[in-house]
Each structure stands twice: as C-alpha cells, then as structure tokens.
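Okay, so here's the structure we're looking at.
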Amino acid sequence: MKSQSRGIHHLQFISCVLLIAATLTNCTHLQQTQKTEVKPYEVAREGAWCWFADPRAVHHQNEDGTINKSYIGYIDIHGNIKATQHDFKTGQSNEVLIRSYFQPDDHDNPTFLILPDDRVMIFYSRHTDEPCFYYRISKTPGDITSLSQEYKIPTKFNTTYPSPFILSDDPTHFYICWRGISWHPTIAKFTVPTTNETTECVWGPYQMVQSTASRPYAKYTSNGKDKIMLAYTTGHPDPTMPNYLYYNYIDINTLELKDVKGNVLSKIGEEIYHVAATPDYKNTYPDAVVDPSPLRNWLWQVVLDQDENPAIAMVTISADKTSHDYYYAKWNGESWTKTFLANGGGHFHQSPNIENCYSGGMAIDDQNTSEVYCSVPVTGKYGTVYELIKYVVDDNNTVVTTDTITKDSEFNNARPYIISNRKDSPLKLTWMNGNYYDWIVSRERPLGFCTSIYADYDVTPIVKTGQKLLLQYDDVQKDQVKRDFAFENVDQFDVQLNVQLDTAKYSGSLLTIGDITYGVDGTSLKPYVAIKNQDVYNSTNVLGNSDIWQVKPRSTSGNWYAPMPFSNINLLISYRNNVLTTYINGSIDQVITTEIETVSNIKISNVVDRINSLNIFSN
C-alpha cells in the first residue's frame with residue numbers, strides 16, 4: 001500500500017508540475033520586464049513643482065483644429081513662475097515668464113484652466129501664507145505668450161494648491177479646490193472671465209472636510225460633466241499615524257459631498273463632513289474609506305477610468321519613515337482593491353533630516369488607467385539613482401509588466417506627471433531631474449530645488465533670430481563701452497544684449513532702438529517699453545529675482561522681501577510683422593502689437609556697466 005501510495009503521489013506531483021508549466025506558458029498574468037527606455041529631453045534647465053496643485057501641465061486641441069498645444073508649468077529657485085508652450089502645428093516652443101520675484105517655493109507651481117473660448121487661465125499662489133490666488137489669462141485663444149495683467153482673487157484664508165475645473169453641466173462657472181480654510185479641503189465657484197478678464201466668486205469658499213489631524217492632503221479630478229472627485233488623507237504623514245486614505249466626490253448640481261456609492265455625506269456650505277482614522281469611523285462610513293492603514297498613507301493622484309471608477313496612486317510609509325511602498329488602489333464597483341507595485345526606498349532627496357515622507361513619486365496615465373509610473377531607486381552607472389519604471393496592472397489586480405523608462409541617469413528622476421488631456425499628442429510624460437535639497441530656498445538650504453524639467457518629447461524652447469548679422473560687439477570693459485551704434489536700415493530686427501548693470505543706477509532707459517526705448521521703473525523695478533516716448537507698455541514682472549531668500553530664514557511667514565536687481569542680464573528685443581517681443585533671460589516677458597518705422601541705430605545708457613555681447617540681426 002505504501003508503494004502504491006508513493007506512485008499515486010508521484011503521478012499527482014508530475015501532473016501538477018505539467019499543469020503549472022502549461023499555465024505559466026499561457027498565463028496572461030505573468031509579470032514581464034521590458035526595456036523601452038525613453039529619451040529624456042530637457043524642457044527647462046531650472047524648474048520644479050509640488051504634486052498637490054494640478055493640472056501642472058495640460059494639452060489643448062480645439063474642435064476646429066486651429067489649436068494643438070501643450071503647456072508645462074513650473075517654478076525655479078529664483079522665484080520665477082514659468083511655463084513652456086509647445087505648438088504641434090508649427091513645432092515651435094516658447095518659455096513664458098508668468099510671474100517673476102515670487103516666493104521661491106516649489107508649492108507655488110502654476111496650474112492651468114482652458115476656458116470655453118480657448119483662452120488659457122493660469123493660477124498660482126504662495127505657500128500657505130497669503131489669503132489670495134493670482135491669475136493671468138492669455139490674450140489670444142490657446143497662446144500664453146501674450147498674457148493679461150496679473151489679477152488677484154482674495155480668499156480671506158491662506159491658500160495653497162489651486163486645482164481649477166470647468167464642468168459641462170455648469171459652463172458659465174469654474175470651480176477651484178484648494179487647501180484653504182483651517183488648512184483643509186476647500187471649494188468655491190466663480191464666474192468664467194469675460195473679455196475684461198475679471199471673475200467673481202458666486203458660491204463659497206466652503207470647507208468641505210474636517211479631520212482629526214491638522215492638515216489633510218487632497219488630490220482632485222473630475223468627470224468633466226457634473227462631479228469633482230477628491231481623495232485625501234487624515235493629515236500629513238510626518239506627524240500622523242495611522243493616516244487613512246479617503247475618497248469622496250462633489251455633485252455640482254446638488255452641491256453635496258458623497259461617498260463612492262453616491263451616499264450623501266454632507267451639504268457643502270451648510271455642514272462640514274468630519275473624518276477620523278478610527279475603526280468606529282470606518283464602520284460608520286465604510287464606503288468613504290479607501291485604505292485604513294495603521295501606518296502613514298499619502299497619495300499622488302486620483303483618476304477615473306472609462307466607467308468613471310476611481311483609481312488612486314498611493315504610498316504607505318513605515319512607522320520610522322524609512323520605507324515607502326507604492327500601491328495602486330482601484331474601485332471595482334463594489335469595493336476597493338489594492339495592488340503592491342514596488343518599494344520606493346526612503347525619501348528621494350539629498351537632505352537627510354527633513355521631509356522623510358517625500359517619496360520619489362507616482363503618476364497614473366489618465367487615458368490608460370492601468371498604467372502607473374513610479375520613481376524607484378535603482379543601482380546603475382552612477383550608483384543608486386531614482387529611475388522611472390512603468391507598471392501595468394490587469395483587471396485581476398496583478399502587475400503584468402514592468403517597463404524601464406529611464407536608465408543609468410546621473411541624477412534622480414522624480415515627481416512624474418502625465419500631461420492632462422493629451423489625447424493623441426506624442427508628448428506624454430514629464431518629470432523633475434536633478435538634486436533636491438528643500439521645497440523652499442533659504443539660508444538653511446540655499447540650493448533649494450536644483451532640478452530641471454524633463455519630458456519624453458522634444459519641446460525645448462529655442463529662440464530664433466534673423467539670419468543676417470548686422471552688428472557684433474563682444475567683451476567690452478566698463479571704461480571702453482561704446483554707447484551709440486549704427487547699422488543697416490531695417491524694418492525687422494532682433495537685438496541680443498548680454499550686459500552687466502549698475503544696480504545703483506537701476507532706473508530709466510537701458511537702451512533705445514530707433515523710436516523704441518526699453519527701460520526700468522526705479523520704484524517698481526518693472527521694465528517698460530516706450531514707443532516714440534508716447535505709448536508706454538509696462539511689464540507685470542520685475543527686472544530682478546528672489547535670490548534674497550538665500551540669506552533669509554526658512555519659513556512661510558508671508559514676507560515679501562525686496563527683489564534683487566539683476567547685476568547681469570540677457571535681453572532680447574525682437575520686432576517681426578508689427579509684433580514687438582521682449583525676452584528676459586530667455587523667457588518671453590511682453591508681446592506688444594505696434595507699428596514701428598525702420599531703425600538704423602541703437603543707444604546704450606549708462607545703466608549698463610559692461611557689454612558682454614551685443615548682436616543685431618535682420619531677416
């Protein structure tokens with residue numbers, strides 16, 4: 001009997017082995033590793049963003065096909081809020097200076113809203129310490145190279161992370177969600193700006209949620225029609241453990257907050273919904289909790305699949321904050337599922353004693369919601385560096401493929417972001433690359449965020465000048481600076497000027513080209529363009545930066561320190577087809593439509609101490 005039993009067991013074992021082999025051969029759930037490395041293109045040499053204000057990049061194609069552009073926003077360590085615009089119809093990219101001399105803090109990155117008339121509205125705010133939003137609107141549909149003046153939306157409560165939405169059920173209004181009242185998720189409704197560019201708050205602001213912790217962190221998305229979805233935590237994971245993850249949505253037709261199954265939680269504006277990381281809360285509101293982890297949850301994104309089921313990129317951080325696990329949470333129509341993707345190491349940045357819950361980052365493809373991009377530490381050519389890996393999750397909550405996106409990078413690749421609403425655009429993925437020391441520039445860590453913005457498609461801004469060189473003047477010492485130059489009479493020109501400035505004389509004209517004067521207002525430090533000394537066009541931006549923060553205390557105190565005048569500056573003044581464009585250090589500042597007669601001379605004022613280079617071109 002024992003011999004017969006052994007034979008039966010042996011046959012059963014062989015059958016099992018063969019069955020497993022056959023299953024593995026044909027199994028669609030077998031995880032495969034692929035290597036389709038993306039060639040990284042530098043969008044901006046200096047730039048960064050936080051991950052709680054979105055969309056930080058967006059694509060827009062209008063119905064009649066006249067607009068096909070992407071916009072990528074960021075802030076640099078000098079306090080310049082900028083955006084790169086790429087036109088897929090012309091292949092041209094431009095970097096635009098949205099706001100100079102701002103708080104040099106990566107929480108202040110701009111966000112975008114496409115208005116019904118195709119104009120682009122750009123929002124930004126300081127980190128926590130000022131009760132307002134700022135915005136500018138493109139003067140031309142789809143073209144942010146020419147922006148309106150800067151406007152302010154007062155909020156009464158300090159603001160951070162503007163996330164704007166327009167929904168088809170309410171096309172005459174837009175909604176902003178942000179961290180506002182009591183540092184909690186807040187919402188308000190505004191009129192869509194008309195041709196005079198102004199807006200009015202018609203509902204709110206209202207605090208939607210009250211947590212037992214001091215700072216819930218929320219991510220938002222919408223279905224574009226009648227709902228704004230929010231996923232959020234009990235609080236910041238640094239001091240909060242356990243830190244639950246929740247999911248609700250706002251019904252804009254009833255102005256109610258609801259759970260994932262549509263159960264009403266509160267009437268916004270009449271009552272505030274309370275949450276807590278406790279078993280009692282989970283039992284009372286089972287359909288409002290995504291993950292009741294006893295550890296430190298945080299989140300990176302919430303998206304909707306084609307059936308409007310939410311998916312969330314989340315990270316669970318260990319009690320000692322040294323281990324960050326990436327998960328993909330998905331609502332299957334009945335319950336939340338949770339798929340482990342990878343261990344993301346610890347904090348990704350170079351400063352060991354701050355922000356230990358800062359992961360490398362995650363991004364879900366909103367058009368293919370089963371695809372998640374993660375920043376993961378990988379050992380390569382330059383040691384252990386954070387690289388981007390794509391994970392594909394199937395309907396059975398199994399990772400079926402992993403795909404190497406970046407490899408052997410010299411610096412960390414972090415905070416990936418998929419271009420919102422990209423449709424069939426070849427520009428899909430953007431991210432930060434470089435060394436990161438802090439989210440704010442200060443005397444404690446003056447290097448701040450020494451990162452660049454990269455993308456998987458070449459949208460590098462290139463400033464093109466005329467082909468014919470009329471004048472070239474290089475490396476002239478202060479006491480040898482020539483002030484007057486004559487050149488061939490032209491009606492279209494590009495003047496490139498790299499100069500050192502006398503900051504003690506920082507006022508008045510810098511240069512005059514024929515009837516065009518470019519100068520700086522000595523009080524505001526804002527540049528201006530005067531045509532024939534009659535029509536004056538004042539810039540919104542300061543001819544300076546926020547480098548003074550490098551010697552100031554690390555804080556979000558609400559201070560506006562005095563701007564630092566430029567001691568050295570690159571200027572480009574271009575005139576083509578009745579359009580005068582000024583560039584400050586490579587970024588478009590002003591675009592002015594004007595008629596100018598031919599010019600044949602340039603005069604340099606005594607504000608200029610030294611000319612490093614002067615080049616004049618014509619077509």
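By convention here, the chains of the structure tokens are called A, B, ... in the order presented, each chain's residues are numbered starting at 1, and ligands are numbered starting at 1 in the order presented.
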
Hey, could you make a per-residue contact list for range 444-514 of chain A against range 49-62 of chain A with 10 Å as the cut-off, showing the nearest pair of atoms and its distance in Å to one decimal, counting only C-alpha atoms, sorted by chain and number, as a tab-separated table?
residue	atom	partner	partner_atom	distance
A:Phe449	CA	A:Trp49	CA	9.2
A:Thr451	CA	A:Trp49	CA	9.6
A:Ile453	CA	A:Trp49	CA	9.1

Using only C-alpha atoms, please write the residues we just selected to a file, as a PDB file, in the first residue's frame.
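Output saved as out31.pdb:
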ATOM      1  CA  PHE A 449      15.433  72.549  -5.589  1.00  0.00           C
ATOM      2  CA  THR A 451      16.166  70.396 -10.622  1.00  0.00           C
ATOM      3  CA  ILE A 453      12.073  69.699 -16.024  1.00  0.00           C
TER       4      ILE A 453
END

Notebook entry, point to check: Could you pull the residues within 8 Å of range 428-439 of chain A, counting only C-alpha atoms, minus those fewer than 3 positions along the same chain, as a VMD selection string?
Noted result: chain A and resid 47 to 49 105 to 107 349 to 351 411 to 419 422 425 445 447 to 457

Go through range 64-110 of chain A and flag each residue having an atom no more than 9 Å from range 154-171 of chain A; for those, report the closest pair of atoms plus their distance in Å to one decimal, using only C-alpha atoms, ordered by chain and rising number, as CSV.
residue,atom,partner,partner_atom,distance
A:His107,CA,A:Tyr161,CA,7.0
A:Asp108,CA,A:Tyr161,CA,7.4
A:Asn109,CA,A:Tyr161,CA,8.4
A:Pro110,CA,A:Pro162,CA,8.3

Hey, can you spit out that residue selection with N, CA and C atoms as an mmCIF file, in the first residue's frame?
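Writing the result to result_1.cif gives the following:
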data_model
loop_
_atom_site.group_PDB
_atom_site.id
_atom_site.type_symbol
_atom_site.label_atom_id
_atom_site.label_comp_id
_atom_site.auth_asym_id
_atom_site.auth_seq_id
_atom_site.Cartn_x
_atom_site.Cartn_y
_atom_site.Cartn_z
ATOM 1 N N HIS A 107 5.914 74.638 -3.953
ATOM 2 C CA HIS A 107 4.463 74.529 -3.795
ATOM 3 C C HIS A 107 3.718 75.552 -4.659
ATOM 4 N N ASP A 108 4.453 76.507 -5.231
ATOM 5 C CA ASP A 108 3.833 77.623 -5.940
ATOM 6 C C ASP A 108 3.770 77.422 -7.454
ATOM 7 N N ASN A 109 3.950 76.188 -7.920
ATOM 8 C CA ASN A 109 3.896 75.960 -9.364
ATOM 9 C C ASN A 109 2.523 76.355 -9.918
ATOM 10 N N PRO A 110 2.465 76.815 -11.160
ATOM 11 C CA PRO A 110 1.188 77.248 -11.737
ATOM 12 C C PRO A 110 0.318 76.071 -12.157
#

Notebook entry, point to check: Which residues come within 6 Å of Asp305 in chain A, counting only C-alpha atoms, excluding same-chain residues fewer than 3 positions away, as an MDAnalysis selection string?
Noted result: chainID A and resid 308:309 369

Item checked: Every residue of range 385-444 of chain A that DSSP places in strand (DSSP E or B), as an NGL selection string -> :A and (385-393 or 399-404 or 413-418 or 420 or 429-436 or 440)

Check: Do you have the CA of Leu299 in chain A-CA of Asn397 in chain A distance handy?
Finding: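 Value for the CA of Leu299 in chain A-CA of Asn397 in chain A distance: 18.5 Å.
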
Check: In Å, how far is it from CA of Ala277 in chain A to CA of Thr212 in chain A?
Finding: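 Separation between CA of Ala277 in chain A and CA of Thr212 in chain A: 7.8 Å.
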
Check: Do you have the CA of Arg443 in chain A-CA of Pro131 in chain A distance handy?
Finding: 25.4 Å

Next item on the list: Would you mind telling me which residue in A:Ile114, A:Ala562, A:Ala83, A:Val260 lies nearest to Arg99 in chain A when using only C-alpha atoms?
Entry: A:Ala83

Next item on the list: For Met564 in chain A, please output as a PyMOL selection string all residues within 7 Å (counting only C-alpha atoms; exclusion window: fewer than 2 positions along the same chain).
Entry: chain A and resi 544-548+562+566

Margin query: I'd like the neighbourhood of Tyr135 in chain A as a list in words, where a residue qualifies if any of its atoms comes within 10 Å (using only C-alpha atoms), though same-chain residues fewer than 2 positions away should be ignored.
Written below: Ile98, Arg99, Pro110, Thr111, Phe112, Met121, Ile122, Phe123, Tyr124, Ser125, Phe133, Ile137, Leu147, Ser148, Gln149, Glu150, Tyr151, Lys152, Ile153, Glu197 and Thr198 of chain A

Just the selected residues (N, CA and C atoms), exported as a PDB file, in the first residue's frame, please.
ATOM      1  N   ILE A  98       5.679  83.963 -16.413  1.00  0.00           N
ATOM      2  CA  ILE A  98       4.344  84.276 -15.915  1.00  0.00           C
ATOM      3  C   ILE A  98       4.414  85.263 -14.760  1.00  0.00           C
ATOM      4  N   ARG A  99       5.351  85.023 -13.864  1.00  0.00           N
ATOM      5  CA  ARG A  99       5.483  85.903 -12.694  1.00  0.00           C
ATOM      6  C   ARG A  99       6.899  85.808 -12.153  1.00  0.00           C
ATOM      7  N   PRO A 110       2.465  76.815 -11.160  1.00  0.00           N
ATOM      8  CA  PRO A 110       1.188  77.248 -11.737  1.00  0.00           C
ATOM      9  C   PRO A 110       0.318  76.071 -12.157  1.00  0.00           C
ATOM     10  N   THR A 111      -0.996  76.319 -12.250  1.00  0.00           N
ATOM     11  CA  THR A 111      -1.945  75.346 -12.777  1.00  0.00           C
ATOM     12  C   THR A 111      -2.762  76.014 -13.874  1.00  0.00           C
ATOM     13  N   PHE A 112      -3.373  75.193 -14.740  1.00  0.00           N
ATOM     14  CA  PHE A 112      -3.979  75.699 -15.971  1.00  0.00           C
ATOM     15  C   PHE A 112      -5.457  75.347 -16.050  1.00  0.00           C
ATOM     16  N   MET A 121      -6.232  80.146 -18.759  1.00  0.00           N
ATOM     17  CA  MET A 121      -6.183  80.842 -17.477  1.00  0.00           C
ATOM     18  C   MET A 121      -5.150  80.144 -16.603  1.00  0.00           C
ATOM     19  N   ILE A 122      -4.231  80.908 -16.028  1.00  0.00           N
ATOM     20  CA  ILE A 122      -3.126  80.353 -15.257  1.00  0.00           C
ATOM     21  C   ILE A 122      -3.232  80.848 -13.813  1.00  0.00           C
ATOM     22  N   PHE A 123      -3.248  79.910 -12.854  1.00  0.00           N
ATOM     23  CA  PHE A 123      -3.373  80.230 -11.432  1.00  0.00           C
ATOM     24  C   PHE A 123      -2.059  79.959 -10.710  1.00  0.00           C
ATOM     25  N   TYR A 124      -1.805  80.727  -9.657  1.00  0.00           N
ATOM     26  CA  TYR A 124      -0.676  80.454  -8.778  1.00  0.00           C
ATOM     27  C   TYR A 124      -0.926  81.153  -7.448  1.00  0.00           C
ATOM     28  N   SER A 125      -0.284  80.650  -6.408  1.00  0.00           N
ATOM     29  CA  SER A 125      -0.424  81.251  -5.079  1.00  0.00           C
ATOM     30  C   SER A 125       0.815  80.945  -4.268  1.00  0.00           C
ATOM     31  N   PHE A 133      -5.399  84.054  -4.416  1.00  0.00           N
ATOM     32  CA  PHE A 133      -4.812  83.458  -5.608  1.00  0.00           C
ATOM     33  C   PHE A 133      -4.459  84.577  -6.570  1.00  0.00           C
ATOM     34  N   ILE A 137      -4.461  85.559 -17.843  1.00  0.00           N
ATOM     35  CA  ILE A 137      -5.209  84.908 -18.909  1.00  0.00           C
ATOM     36  C   ILE A 137      -4.560  85.252 -20.250  1.00  0.00           C
ATOM     37  N   LEU A 147       0.066  87.476 -22.274  1.00  0.00           N
ATOM     38  CA  LEU A 147      -0.827  87.315 -21.130  1.00  0.00           C
ATOM     39  C   LEU A 147      -1.400  88.654 -20.677  1.00  0.00           C
ATOM     40  N   SER A 148      -2.553  88.576 -20.035  1.00  0.00           N
ATOM     41  CA  SER A 148      -3.165  89.754 -19.432  1.00  0.00           C
ATOM     42  C   SER A 148      -2.322  90.248 -18.275  1.00  0.00           C
ATOM     43  N   GLN A 149      -2.753  91.344 -17.703  1.00  0.00           N
ATOM     44  CA  GLN A 149      -2.145  91.766 -16.452  1.00  0.00           C
ATOM     45  C   GLN A 149      -2.431  90.722 -15.378  1.00  0.00           C
ATOM     46  N   GLU A 150      -1.752  90.844 -14.257  1.00  0.00           N
ATOM     47  CA  GLU A 150      -1.978  89.922 -13.152  1.00  0.00           C
ATOM     48  C   GLU A 150      -3.191  90.384 -12.339  1.00  0.00           C
ATOM     49  N   TYR A 151      -4.080  89.424 -12.033  1.00  0.00           N
ATOM     50  CA  TYR A 151      -5.246  89.691 -11.201  1.00  0.00           C
ATOM     51  C   TYR A 151      -5.132  88.886  -9.915  1.00  0.00           C
ATOM     52  N   LYS A 152      -5.892  89.325  -8.917  1.00  0.00           N
ATOM     53  CA  LYS A 152      -5.862  88.675  -7.616  1.00  0.00           C
ATOM     54  C   LYS A 152      -7.281  88.269  -7.212  1.00  0.00           C
ATOM     55  N   ILE A 153      -7.423  87.053  -6.673  1.00  0.00           N
ATOM     56  CA  ILE A 153      -8.681  86.594  -6.090  1.00  0.00           C
ATOM     57  C   ILE A 153      -8.498  86.515  -4.580  1.00  0.00           C
ATOM     58  N   GLU A 197     -11.589  90.018 -18.500  1.00  0.00           N
ATOM     59  CA  GLU A 197     -10.648  89.161 -17.775  1.00  0.00           C
ATOM     60  C   GLU A 197     -10.913  89.034 -16.278  1.00  0.00           C
ATOM     61  N   THR A 198     -11.993  89.615 -15.783  1.00  0.00           N
ATOM     62  CA  THR A 198     -12.254  89.547 -14.347  1.00  0.00           C
ATOM     63  C   THR A 198     -13.248  88.437 -14.030  1.00  0.00           C
TER      64      THR A 198
END

Next item on the list: Compile the contact shell of Ala231 in chain A as a PyMOL selection string: residues with an atom at most 7 Å away, counting only C-alpha atoms, same-chain residues fewer than 3 positions apart removed.
Entry: chain A and resi 218-220+246-248+302

Next item on the list: Looking only at helix (DSSP H, G or I) from DSSP on the backbone, list the matching residues of range 249-448 of chain A as a list in words.
Entry: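 After running DSSP on the backbone, range 249-448 of chain A has helix (DSSP H, G or I) at Pro279, Asp280, Tyr281, Lys282, Asn283, Thr284, Pro286, Asp287 and Ala288 of chain A.
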
Item checked: Within 7 Å of Tyr382 in chain A using only C-alpha atoms, minus same-chain residues under 5 positions, as a PyMOL selection string -> chain A and resi 408-410

Item checked: Nearest to Phe493 in chain A by atom-to-atom distance, counting only C-alpha atoms, from A:Ile602, A:Ile516, A:Ile228, A:Ile616 ->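 The answer is A:Ile616, which sits nearest to Phe493 in chain A.
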